[in-house]
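Structure file start.txt (compact mmCIF, C-alpha atoms (C1' of nucleotides)) follows.
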# COMPACT_ATOMS: atom_id res chain seq x y z
CA MET A 1 0.00 0.00 0.00
CA SER A 2 2.41 2.63 -1.17
CA ILE A 3 1.36 6.23 -1.67
CA ARG A 4 1.85 6.28 -5.39
CA PRO A 5 0.30 8.97 -7.51
CA LEU A 6 -3.14 8.12 -8.80
CA GLN A 7 -3.54 7.37 -12.48
CA GLU A 8 -6.06 9.36 -14.45
CA PRO A 9 -8.90 6.75 -14.31
CA ALA A 10 -8.62 6.42 -10.51
CA PHE A 11 -8.42 10.18 -10.09
CA LEU A 12 -11.57 10.72 -12.13
CA ILE A 13 -13.43 7.99 -10.24
CA LEU A 14 -12.70 9.80 -6.97
CA THR A 15 -13.67 13.08 -8.60
CA SER A 16 -16.98 11.63 -9.69
CA LEU A 17 -17.71 10.41 -6.18
CA ALA A 18 -16.82 13.78 -4.65
CA ALA A 19 -20.27 14.93 -5.80
CA GLY A 20 -22.01 12.15 -3.86
CA PRO A 21 -22.48 8.35 -3.86
CA GLN A 22 -22.75 6.73 -7.25
CA HIS A 23 -22.75 3.22 -8.72
CA GLY A 24 -20.27 1.75 -11.20
CA TYR A 25 -22.09 2.41 -14.39
CA GLY A 26 -23.09 5.87 -13.21
CA ILE A 27 -19.42 6.64 -12.54
CA MET A 28 -18.56 5.44 -16.03
CA THR A 29 -20.93 7.88 -17.71
CA ASP A 30 -20.08 10.66 -15.27
CA VAL A 31 -16.35 10.36 -15.96
CA ALA A 32 -16.95 10.56 -19.69
CA LYS A 33 -18.97 13.72 -19.07
CA ILE A 34 -16.54 15.51 -16.74
CA SER A 35 -13.61 14.72 -19.02
CA ALA A 36 -15.55 16.02 -22.04
CA GLY A 37 -15.56 12.56 -23.61
CA ARG A 38 -11.80 12.24 -23.50
CA VAL A 39 -11.76 9.41 -20.96
CA LYS A 40 -14.05 6.44 -21.51
CA LEU A 41 -13.54 3.90 -18.75
CA ARG A 42 -13.51 0.26 -19.82
CA ALA A 43 -15.38 -2.16 -17.63
CA GLY A 44 -12.13 -3.89 -16.69
CA THR A 45 -10.51 -0.61 -15.68
CA LEU A 46 -13.52 0.62 -13.74
CA TYR A 47 -14.37 -2.37 -11.59
CA ALA A 48 -10.74 -3.27 -10.94
CA ALA A 49 -10.11 0.32 -9.84
CA LEU A 50 -13.18 0.30 -7.59
CA ASP A 51 -11.90 -2.87 -5.92
CA ARG A 52 -8.43 -1.41 -5.44
CA LEU A 53 -9.68 1.92 -4.13
CA THR A 54 -12.00 0.10 -1.74
CA SER A 55 -9.15 -2.08 -0.44
CA ALA A 56 -7.12 1.09 0.07
CA ARG A 57 -10.01 2.53 2.14
CA LEU A 58 -10.43 5.50 -0.17
CA LEU A 59 -13.92 4.28 -1.07
CA GLU A 60 -16.56 2.21 0.67
CA VAL A 61 -19.86 0.69 -0.37
CA ASP A 62 -22.69 3.07 0.41
CA HIS A 63 -25.57 0.68 -0.33
CA GLU A 64 -26.86 -1.73 -2.94
CA GLU A 65 -30.19 -1.81 -4.70
CA ILE A 66 -31.89 -3.96 -7.28
CA VAL A 67 -33.40 -2.19 -10.28
CA ASP A 68 -35.18 -4.52 -12.72
CA THR A 69 -33.33 -7.59 -11.45
CA ARG A 70 -30.06 -5.68 -12.00
CA LEU A 71 -27.72 -4.95 -9.12
CA ARG A 72 -26.56 -1.43 -8.44
CA ARG A 73 -23.71 -1.10 -5.97
CA TYR A 74 -23.24 2.47 -4.77
CA TYR A 75 -19.84 3.69 -3.58
CA ARG A 76 -18.93 6.78 -1.58
CA LEU A 77 -15.69 8.56 -0.71
CA THR A 78 -14.28 7.91 2.75
CA PRO A 79 -12.71 10.86 4.60
CA ALA A 80 -9.33 9.44 3.58
CA GLY A 81 -10.53 9.34 -0.02
CA ARG A 82 -11.58 12.96 0.10
CA ALA A 83 -8.24 13.94 1.65
CA ARG A 84 -6.42 11.96 -0.98
CA LEU A 85 -8.32 13.59 -3.83
CA THR A 86 -7.51 16.98 -2.32
CA SER A 87 -3.78 16.27 -2.16
CA GLU A 88 -3.78 14.74 -5.65
CA THR A 89 -5.47 17.87 -6.95
CA ALA A 90 -2.73 19.97 -5.39
CA ARG A 91 -0.14 17.75 -7.04
CA LEU A 92 -1.72 18.15 -10.49
CA ARG A 93 -1.93 21.88 -10.03
CA ALA A 94 1.71 22.11 -8.96
CA ASN A 95 2.91 20.02 -11.90
CA ALA A 96 0.77 21.94 -14.38
CA ALA A 97 2.05 25.24 -12.98
CA ALA A 98 5.69 24.15 -13.23
CA ALA A 99 5.26 23.10 -16.86
CA ALA A 100 3.22 26.20 -17.74
CA ARG A 101 5.94 28.43 -16.33
CA ARG A 102 8.62 26.77 -18.43
CA LEU A 103 6.47 26.69 -21.53
CA GLY A 104 5.63 30.36 -21.13
CA LEU A 105 1.89 29.68 -20.99
CA ALA A 106 -0.70 32.05 -19.55
CA ASP A 107 -1.29 32.10 -15.76
CA ALA A 108 1.85 30.17 -15.05
CA MET B 109 2.75 4.17 -30.02
CA SER B 110 -0.54 4.89 -28.30
CA ILE B 111 -1.37 8.34 -27.02
CA ARG B 112 -1.62 7.40 -23.39
CA PRO B 113 -1.39 10.00 -20.68
CA LEU B 114 2.12 10.58 -19.41
CA GLN B 115 3.03 9.34 -15.97
CA GLU B 116 4.39 11.85 -13.51
CA PRO B 117 8.11 11.01 -14.04
CA ALA B 118 7.83 11.37 -17.82
CA PHE B 119 5.85 14.59 -17.47
CA LEU B 120 8.48 16.10 -15.18
CA ILE B 121 11.30 15.03 -17.49
CA LEU B 122 9.65 16.92 -20.36
CA THR B 123 9.05 19.85 -18.01
CA SER B 124 12.71 19.92 -17.06
CA LEU B 125 13.74 19.96 -20.72
CA ALA B 126 11.31 22.76 -21.55
CA ALA B 127 13.88 25.10 -19.99
CA GLY B 128 16.61 23.95 -22.38
CA PRO B 129 18.82 20.92 -23.14
CA GLN B 130 19.98 18.93 -20.15
CA HIS B 131 21.69 15.61 -19.45
CA GLY B 132 20.29 12.67 -17.47
CA TYR B 133 21.75 13.42 -14.11
CA GLY B 134 20.95 17.11 -14.48
CA ILE B 135 17.31 16.20 -15.18
CA MET B 136 17.29 14.03 -12.08
CA THR B 137 18.33 16.86 -9.79
CA ASP B 138 16.17 19.37 -11.65
CA VAL B 139 13.03 17.24 -11.25
CA ALA B 140 13.67 16.90 -7.52
CA LYS B 141 13.94 20.69 -7.35
CA ILE B 142 10.86 21.59 -9.39
CA SER B 143 8.75 19.07 -7.47
CA ALA B 144 9.99 20.46 -4.15
CA GLY B 145 11.72 17.18 -3.35
CA ARG B 146 8.53 15.15 -3.74
CA VAL B 147 9.69 13.24 -6.82
CA LYS B 148 13.13 11.63 -6.77
CA LEU B 149 13.72 9.81 -10.04
CA ARG B 150 15.47 6.44 -9.77
CA ALA B 151 18.15 5.72 -12.32
CA GLY B 152 16.05 2.91 -13.77
CA THR B 153 13.04 5.15 -14.16
CA LEU B 154 15.02 8.03 -15.63
CA TYR B 155 17.05 6.27 -18.31
CA ALA B 156 14.22 3.96 -19.33
CA ALA B 157 11.94 6.97 -19.70
CA LEU B 158 14.56 8.87 -21.72
CA ASP B 159 14.85 5.91 -24.08
CA ARG B 160 11.09 5.63 -24.47
CA LEU B 161 10.55 9.35 -24.96
CA THR B 162 13.33 9.38 -27.53
CA SER B 163 11.79 6.45 -29.43
CA ALA B 164 8.48 8.33 -29.37
CA ARG B 165 10.25 11.36 -30.92
CA LEU B 166 9.33 13.60 -28.02
CA LEU B 167 13.03 14.00 -27.19
CA GLU B 168 16.22 13.83 -29.17
CA VAL B 169 19.91 13.85 -28.31
CA ASP B 170 21.25 17.39 -28.40
CA HIS B 171 24.94 16.52 -28.04
CA GLU B 172 27.34 14.52 -25.91
CA GLU B 173 30.38 15.63 -24.01
CA ILE B 174 33.04 14.04 -21.85
CA VAL B 175 33.71 15.66 -18.49
CA ASP B 176 36.51 13.97 -16.52
CA THR B 177 36.20 10.76 -18.54
CA ARG B 178 32.50 10.77 -17.70
CA LEU B 179 29.92 10.89 -20.48
CA ARG B 180 27.21 13.49 -20.46
CA ARG B 181 24.40 12.95 -22.96
CA TYR B 182 22.27 16.03 -23.44
CA TYR B 183 18.64 15.74 -24.53
CA ARG B 184 16.29 18.37 -25.89
CA LEU B 185 12.57 18.60 -26.56
CA THR B 186 11.44 18.09 -30.13
CA PRO B 187 8.60 20.28 -31.42
CA ALA B 188 6.35 17.25 -30.90
CA GLY B 189 7.63 16.98 -27.33
CA ARG B 190 6.82 20.60 -26.64
CA ALA B 191 3.35 20.20 -28.13
CA ARG B 192 2.80 17.09 -26.08
CA LEU B 193 3.86 18.78 -22.85
CA THR B 194 1.48 21.63 -23.66
CA SER B 195 -1.49 19.30 -24.17
CA GLU B 196 -0.60 17.25 -21.09
CA THR B 197 -0.50 20.46 -19.07
CA ALA B 198 -3.98 21.32 -20.29
CA ARG B 199 -5.15 17.85 -19.30
CA LEU B 200 -3.77 18.22 -15.77
CA ARG B 201 -5.36 21.62 -15.41
CA ALA B 202 -8.73 20.34 -16.58
CA ASN B 203 -8.65 17.37 -14.22
CA ALA B 204 -7.53 19.50 -11.29
CA ALA B 205 -10.27 22.04 -12.03
CA ALA B 206 -12.96 19.34 -12.20
CA ALA B 207 -11.88 17.89 -8.85
CA ALA B 208 -11.50 21.31 -7.24
CA ARG B 209 -15.02 22.25 -8.30
CA ARG B 210 -16.51 19.15 -6.73
CA LEU B 211 -14.40 19.44 -3.61
CA GLY B 212 -15.38 23.07 -3.19
CA LEU B 213 -11.78 24.27 -3.30
CA ALA B 214 -10.70 27.81 -4.11
CA ASP B 215 -10.42 28.92 -7.79
CA ALA B 216 -12.30 25.88 -9.02
C1' DT C 217 39.26 5.49 4.38
C1' DT C 218 34.87 5.66 3.82
C1' DC C 219 31.10 7.99 2.17
C1' DC C 220 28.79 11.02 -1.12
C1' DA C 221 28.15 13.20 -5.63
C1' DT C 222 28.40 12.48 -10.45
C1' DG C 223 26.96 9.62 -14.45
C1' DT C 224 25.02 5.94 -17.38
C1' DG C 225 23.05 1.30 -17.76
C1' DC C 226 20.63 -3.21 -16.87
C1' DC C 227 17.15 -6.21 -14.80
C1' DG C 228 13.43 -8.44 -12.12
C1' DA C 229 9.18 -7.36 -9.73
C1' DT C 230 5.06 -4.87 -9.20
C1' DT C 231 1.19 -2.21 -10.44
C1' DA C 232 -2.49 -0.49 -13.06
C1' DA C 233 -4.67 0.27 -17.15
C1' DC C 234 -6.06 -1.77 -21.74
C1' DG C 235 -8.99 -4.52 -24.43
C1' DG C 236 -11.94 -8.06 -24.94
C1' DT C 237 -15.24 -11.41 -23.43
C1' DA C 238 -19.13 -13.21 -20.58
C1' DT C 239 -23.71 -12.80 -18.70
C1' DA C 240 -28.43 -10.70 -18.60
C1' DT C 241 -32.44 -7.79 -19.48
C1' DA C 242 -34.97 -4.03 -21.63
C1' DA C 243 -35.73 -0.70 -25.07
C1' DC C 244 -35.19 1.17 -29.42
C1' DT C 245 -34.44 0.76 -34.44
C1' DA C 246 -34.06 -1.00 -39.11
C1' DT D 247 -38.03 -9.83 -36.31
C1' DA D 248 -33.43 -9.19 -35.86
C1' DG D 249 -29.79 -6.32 -34.53
C1' DT D 250 -27.97 -2.67 -31.83
C1' DT D 251 -27.63 0.20 -27.76
C1' DA D 252 -28.06 1.03 -22.82
C1' DT D 253 -27.75 -0.76 -18.31
C1' DA D 254 -24.76 -3.38 -14.94
C1' DT D 255 -21.17 -6.27 -12.86
C1' DA D 256 -17.21 -9.45 -13.37
C1' DC D 257 -13.07 -12.00 -15.13
C1' DC D 258 -8.67 -12.50 -17.58
C1' DG D 259 -4.47 -12.18 -20.49
C1' DT D 260 -1.42 -8.57 -22.26
C1' DT D 261 1.17 -4.44 -22.08
C1' DA D 262 3.33 -0.30 -20.27
C1' DA D 263 5.82 2.21 -16.94
C1' DT D 264 7.60 2.84 -12.57
C1' DC D 265 10.03 0.88 -8.56
C1' DG D 266 14.00 -0.65 -6.37
C1' DG D 267 18.26 -2.40 -6.48
C1' DC D 268 22.68 -3.47 -8.42
C1' DA D 269 26.90 -2.66 -11.40
C1' DC D 270 30.75 0.14 -12.80
C1' DA D 271 33.71 4.22 -12.51
C1' DT D 272 35.94 8.68 -10.81
C1' DG D 273 36.77 12.54 -7.80
C1' DG D 274 36.22 15.13 -3.69
C1' DA D 275 34.91 15.71 1.08
C1' DA D 276 34.36 14.14 5.91
Can the structure from this file be put into structure tokens for me?
Amino acid sequence: MSIRPLQEPAFLILTSLAAGPQHGYGIMTDVAKISAGRVKLRAGTLYAALDRLTSARLLEVDHEEIVDTRLRRYYRLTPAGRARLTSETARLRANAAAAARRLGLADA
Amino acid sequence: MSIRPLQEPAFLILTSLAAGPQHGYGIMTDVAKISAGRVKLRAGTLYAALDRLTSARLLEVDHEEIVDTRLRRYYRLTPAGRARLTSETARLRANAAAAARRLGLADA
DNA sequence: TTCCATGTGCCGATTAACGGTATATAACTA
DNA sequence: TAGTTATATACCGTTAATCGGCACATGGAA
């Protein structure tokens, strides 16, 4: 359980859940929306990431419901997950600012 | 040659080279500095990444020199490398902004 | 004299995402 | 009616990239 930087899919999953509990498929569509269609999570990526993030105590199962015989498992951020997303956001900002400065981009 | 998102080490290597040509060890110390000591590149990570980024035409060898019998191989960003760093920076900013908005952080 | 800085390079292990497939039902479309 | 899309979770083999350590070599500092 090292404190490695989150990859983009995991980061966006946490970001999606920062707005409130959501189930797997809902996260999938939400991530596509908040990334303007750039990131489309594959089923393998999504559910594997949910398992890993849950093991790491960044997420936990909120509740489960059955809609039309189909299971919906809702996840929510734990306090640690929220803290982690906050620090990861700071990391992205710092890296983007460092690159912007050296590239001579606006608001470096 | 997919267009996957850059990992943090690769991103910071390009960032380091955005300031001008630099050799491996110089990049290593530079990255530690611009990340405020948070990222310390291992030799394995650094030279493997330089090889990959060179194969991907994001970097190229600027020149080589011998200092005290010791080789220094300088790399520089290609135009494609600079373009890539620019788009990666935009990606980081967009992701950070999306998370900041949902976390209720300042300047979301 | 031993450690640290400088410098490049190789290699096995680990991790996480990719990409596809499986399973199932309902709704929409050609 | 047949095929595709949307909803929903799960498994699995492959690939990519970093981690972590070791090797080799020199020069200077503690």
Pick the closest to D:DC270 from C:DC226, C:DA238, C:DA233, C:DC244: which is it, counting all atoms listed in the file?
->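 Ranked by minimum distance to D:DC270, first place goes to C:DC226.
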Find the residues with any atom within 8 Å of (-14.6, 10.0, -3.5); use all atoms listed in the file and the coordinates as given in the file, and write the answer as an MDAnalysis selection string.
-> chainID A and resid 13:20 58:59 76:78 81:82 85
Padding 3 Å on each side, edges along x, y and z: where is the centre of the box around the listed atoms of stretch 165-180 of chain B, and how long are its edges in Å to one decimal? Output it as lines of an AutoDock Vina configuration file.
center_x = 22.9
center_y = 14.1
center_z = -23.7
size_x = 33.2
size_y = 12.6
size_z = 20.4
Find the residues of chain C in contact range of chain A, meaning any atom within 9 Å when counting all atoms listed in the file, and list them as a ChimeraX atom specification.
-> /C:232-235,240-242
Please indicate the distance in Å from atom CA of B:Pro129 to atom CA of A:Arg91, rounded to one decimal place.
->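 Computing the Euclidean distance for atom CA of B:Pro129 and atom CA of A:Arg91 yields 25.1 Å.
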From the list A:Ala32, A:Val67, A:Leu12, A:Ala100, which residue is nearest chain D when using only C-alpha atoms (C1' of nucleotides)?
->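 Closest residue, counting only C-alpha atoms (C1' of nucleotides): A:Val67.
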Atom pair atom C1' of C:DG223 / atom CA of B:His131: separation (Å) = 9.4 Å
Proximal residues of chain A relative to chain D (only C-alpha atoms (C1' of nucleotides); 8 Å) as an MDAnalysis selection string = chainID A and resid 24:25 47 70:72
re atom CA of B:Arg201 and atom CA of A:Thr89: distance 9.3 Å
Nearest to chain B: which of A:Thr29, A:Gln22, A:Ser55, A:Thr86 is it, counting all atoms listed in the file?
->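 Among the listed residues, the smallest separation from chain B belongs to A:Thr86.
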May I ask which of the residues A:Pro79, A:Leu53, A:Arg101, A:Glu64 is the closest one to B:Ile142, counting only C-alpha atoms?
->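 Counting only C-alpha atoms, the residue closest to B:Ile142 is A:Arg101.
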